[in-house]
Amino acid sequence: MPSKKIKKARKTTAGQQATTDLHSALAKLNFHDVFRFHGERPRGSDFHPSSTLFEGRFGRMFRTLPAAEFAEEDLKKLAGKMVAPAEARATSENKDDDEENQGISAGYTYLGQFIDHDLTFDPASSLQKQNDPEALEDFRTPRFDLDSVYGRGPNDQPYLYDDDGQHMLLGRRLTGNRDPRARDLQRNRPESGRQRALIGDPRNDENVIVSQLQSIMIRFHNSMIDSMPRGSTFQQIQNAVRWHYQWVVLDDFLPAIVGREMVHAVLPHLKNKTSIHEDKPNLNFFHWEKIPFMPIEFSAAIYRFGHSMVRPIYRLNTTLKDRNKIFLPDKKNSLPQENKSLLGFREFPSNFAIDWRLFFKMGDNPHFGPRRLQKSYKIDTSLVNPLGHLPKPIGDKVPSLAQRNLIRGWRMGLPSGQTVARFMGIDPIADKDLRIGKATEDDTATNPAITEVSGRFAGNAPLWYYILAEAQQAFEDNSTPIRLGPVGGRIVTEVFVGLLLGDQHSFLSQDPTWTPFAAFANNDNEFGIAELIKQAQNA
Ligand code: HEM
């Protein structure tokens, strides 16, 4: 939950001057974001922050560190062990589920996925060919600018916008959550095939939950039009939306995932309640020359931590009789069975409107029963079974998400987790403590060590696996909240903060003392994802 108090209301967010102190301080840092393998200019390096291009570029955070070597068969075996066996029956809503993370509610998983889609998109994510980091272009700007929602704007993609050039378009009415204005995304109407969403990023329709977060963001934009002074331009409205979203990322999502202490370690002015110019940000590892890039370590490994937070089953609202499985195995994935799952890329049943009170803390929920607040699954080295068998529209030729992540990190030449930890001055976790499996009281004692999968993993663990195992070290009992640890948490925080500081349009660059509109805040004067949703529901 957000803790920072909102001091004052501000209605004008656009047109404010860049804080030159901060920028000159950043300019003095002598950093490179060149790729490690060759001196040639990487594709996308002509990207300019004020250009309207969709793309940014990838780079390396730890470019002096050697790539970890693995045998493909070892990675496949490890991937197999990281996918939990299918469960015969989902845990009842009237019992504690020991796989739930008591520190993070279920909505943050998909807020995390939504944020990922705002920052990074490598459409050539094919495992069939050798990945060449030189050719990798990020088809999202590595900025918190909601390009996944706005697309290229009303002039370039008018079909996302109403005739007034300000309101964004939505689709049919959804029911089931007692929100009379709930809407699906707008979709195409092909004569045959799937009814794909018409949105800024196709991946934001990958499942029913991220899809409805996308429509909430669109509604937040539409509601902002009424909260701004009459005559505000599209850019002013968009800027206000972006700043509120950036606030949620920094003050709500990030503390939930890494802990507030880590956020304060990187941004000490927030803890000391001083100015960002006095108490400067501590970016020890994320450095760039002119504009920040998307670190490949982040997109190909570390930020994929969210895959372990996915639950196998969700309750969307209290009017549906049953809960819904996230995905069904492919052979069952034809209608009408498909309608029981949360698979996206299609027009799902209209009574699937999400009751957000079951996903984010928005009031009081009973501990058990259909109105309980669902938690995300723990950040650990275990993925729920459906992610080992992704259905066709998502999984393509390699249906195991664990395998895709491990092979991808290896093909991208990422350093091992231990190498990164040592570089950061953190003692690497001993091999015997690097276990595979769920962070639960039942499993912890018997989870095998990674070296039992292959001796070649001794002192040499894949980065994605390592940051999950690192988070798991916090486990004491089933009620311990599990967040990212010192390596994973630090990298995610530095990348988020770096991308905000390096974006000359972000609130942290333009007006670091800015706070969200007071009218949007809750009774404790806080603004987080819960308040953003409540505000969006006015539109
Ligand atoms: C049901 C939920 C999800 C599914 C089915 C899913 C599936 C996928 C798939 C198939 C890929 C491409 C993998 C590859 O070929 O390399 C991917 C990439 C990725 N996912 Fe997820 N994901 C989910 C949730 C999340 C969450 C919650 C997060 C983070 C909080 C996340 C972060 C990422 C990242 C960073 C990438 C790489 C993005 C890029 O640069 O293209 N995902 N995911």
# chains A, B, ... in the order shown; residues from 1 in each chain; ligands from 1
$ residues_around --residues "region 337-354 of chain A" --least-positions-apart "3" --cutoff "9 Å" --atoms "only C-alpha atoms" --output "PyMOL selection string"
chain A and resi 172-179+182-184+187+193-197+202-212+313-317+319-320+322-328+332-334+357-359+391+393
$ select_by_dssp --residues "region 86-296 of chain A" --states "alpha helix (DSSP H)" --output "ChimeraX atom specification"
/A:107-119,147-150,208-227,234-248,254-258,260-266,268-272,296
$ atom_distance --atom1 "CA of Gly59 (chain A)" --atom2 "CA of Leu500 (chain A)"
16.7 Å
$ residues_around --residues "Leu463 (chain A)" --least-positions-apart "2" --cutoff "8 Å" --atoms "only C-alpha atoms" --output "ChimeraX atom specification"
/A:301-302,409,414-417,461,465-467
$ residues_around --residues "Arg311 (chain A)" --least-positions-apart "3" --cutoff "10 Å" --atoms "only C-alpha atoms" --output "number ranges by chain"
A: 99-100, 106, 109, 307-308, 314, 325-326, 374-378, 383-387
$ residues_around --residues "Val453 (chain A)" --least-positions-apart "2" --cutoff "8 Å" --atoms "only C-alpha atoms" --output "ChimeraX atom specification"
/A:74,77-78,449-451,455,457
$ write_last_selection --atoms "all heavy atoms" --output "PDB file, in the first residue's frame"
ATOM      1  N   ASP A  74      20.472 -29.395 -19.666  1.00  0.00           N
ATOM      2  CA  ASP A  74      20.363 -29.054 -18.237  1.00  0.00           C
ATOM      3  C   ASP A  74      19.256 -28.026 -18.019  1.00  0.00           C
ATOM      4  O   ASP A  74      18.489 -28.110 -17.061  1.00  0.00           O
ATOM      5  CB  ASP A  74      21.679 -28.445 -17.720  1.00  0.00           C
ATOM      6  CG  ASP A  74      22.790 -29.484 -17.614  1.00  0.00           C
ATOM      7  OD1 ASP A  74      22.484 -30.690 -17.772  1.00  0.00           O
ATOM      8  OD2 ASP A  74      23.952 -29.091 -17.369  1.00  0.00           O
ATOM      9  N   LYS A  77      15.928 -29.650 -18.247  1.00  0.00           N
ATOM     10  CA  LYS A  77      15.623 -30.431 -17.038  1.00  0.00           C
ATOM     11  C   LYS A  77      15.224 -29.491 -15.889  1.00  0.00           C
ATOM     12  O   LYS A  77      14.271 -29.749 -15.163  1.00  0.00           O
ATOM     13  CB  LYS A  77      16.863 -31.238 -16.606  1.00  0.00           C
ATOM     14  CG  LYS A  77      16.840 -32.674 -17.107  1.00  0.00           C
ATOM     15  CD  LYS A  77      17.794 -33.523 -16.290  1.00  0.00           C
ATOM     16  CE  LYS A  77      19.067 -33.762 -17.077  1.00  0.00           C
ATOM     17  NZ  LYS A  77      20.158 -34.350 -16.347  1.00  0.00           N
ATOM     18  N   LEU A  78      15.976 -28.406 -15.754  1.00  0.00           N
ATOM     19  CA  LEU A  78      15.672 -27.436 -14.688  1.00  0.00           C
ATOM     20  C   LEU A  78      14.266 -26.861 -14.897  1.00  0.00           C
ATOM     21  O   LEU A  78      13.472 -26.758 -13.951  1.00  0.00           O
ATOM     22  CB  LEU A  78      16.727 -26.320 -14.684  1.00  0.00           C
ATOM     23  CG  LEU A  78      16.514 -25.176 -13.692  1.00  0.00           C
ATOM     24  CD1 LEU A  78      16.461 -25.683 -12.253  1.00  0.00           C
ATOM     25  CD2 LEU A  78      17.638 -24.121 -13.825  1.00  0.00           C
ATOM     26  N   ALA A 449      18.177 -29.506  -4.369  1.00  0.00           N
ATOM     27  CA  ALA A 449      19.109 -28.418  -4.695  1.00  0.00           C
ATOM     28  C   ALA A 449      19.311 -28.403  -6.208  1.00  0.00           C
ATOM     29  O   ALA A 449      19.157 -29.436  -6.877  1.00  0.00           O
ATOM     30  CB  ALA A 449      20.434 -28.648  -3.986  1.00  0.00           C
ATOM     31  N   ILE A 450      19.668 -27.232  -6.747  1.00  0.00           N
ATOM     32  CA  ILE A 450      19.838 -27.114  -8.205  1.00  0.00           C
ATOM     33  C   ILE A 450      20.937 -28.062  -8.717  1.00  0.00           C
ATOM     34  O   ILE A 450      20.855 -28.581  -9.827  1.00  0.00           O
ATOM     35  CB  ILE A 450      20.110 -25.645  -8.617  1.00  0.00           C
ATOM     36  CG1 ILE A 450      20.110 -25.528 -10.134  1.00  0.00           C
ATOM     37  CG2 ILE A 450      21.397 -25.113  -8.016  1.00  0.00           C
ATOM     38  CD1 ILE A 450      20.148 -24.119 -10.662  1.00  0.00           C
ATOM     39  N   THR A 451      21.930 -28.332  -7.879  1.00  0.00           N
ATOM     40  CA  THR A 451      23.025 -29.208  -8.317  1.00  0.00           C
ATOM     41  C   THR A 451      22.572 -30.663  -8.424  1.00  0.00           C
ATOM     42  O   THR A 451      23.263 -31.485  -9.020  1.00  0.00           O
ATOM     43  CB  THR A 451      24.216 -29.108  -7.346  1.00  0.00           C
ATOM     44  OG1 THR A 451      23.698 -29.156  -6.013  1.00  0.00           O
ATOM     45  CG2 THR A 451      24.993 -27.821  -7.547  1.00  0.00           C
ATOM     46  N   GLY A 455      25.254 -31.300 -11.973  1.00  0.00           N
ATOM     47  CA  GLY A 455      26.434 -30.787 -11.266  1.00  0.00           C
ATOM     48  C   GLY A 455      26.994 -29.556 -11.953  1.00  0.00           C
ATOM     49  O   GLY A 455      27.711 -28.749 -11.343  1.00  0.00           O
ATOM     50  N   PHE A 457      25.543 -26.981 -12.671  1.00  0.00           N
ATOM     51  CA  PHE A 457      24.971 -25.746 -12.119  1.00  0.00           C
ATOM     52  C   PHE A 457      25.729 -25.277 -10.869  1.00  0.00           C
ATOM     53  O   PHE A 457      25.380 -24.236 -10.297  1.00  0.00           O
ATOM     54  CB  PHE A 457      23.492 -25.934 -11.761  1.00  0.00           C
ATOM     55  CG  PHE A 457      22.558 -25.948 -12.955  1.00  0.00           C
ATOM     56  CD1 PHE A 457      21.647 -26.984 -13.136  1.00  0.00           C
ATOM     57  CD2 PHE A 457      22.578 -24.919 -13.883  1.00  0.00           C
ATOM     58  CE1 PHE A 457      20.777 -26.994 -14.216  1.00  0.00           C
ATOM     59  CE2 PHE A 457      21.708 -24.916 -14.972  1.00  0.00           C
ATOM     60  CZ  PHE A 457      20.807 -25.955 -15.142  1.00  0.00           C
TER      61      PHE A 457
END
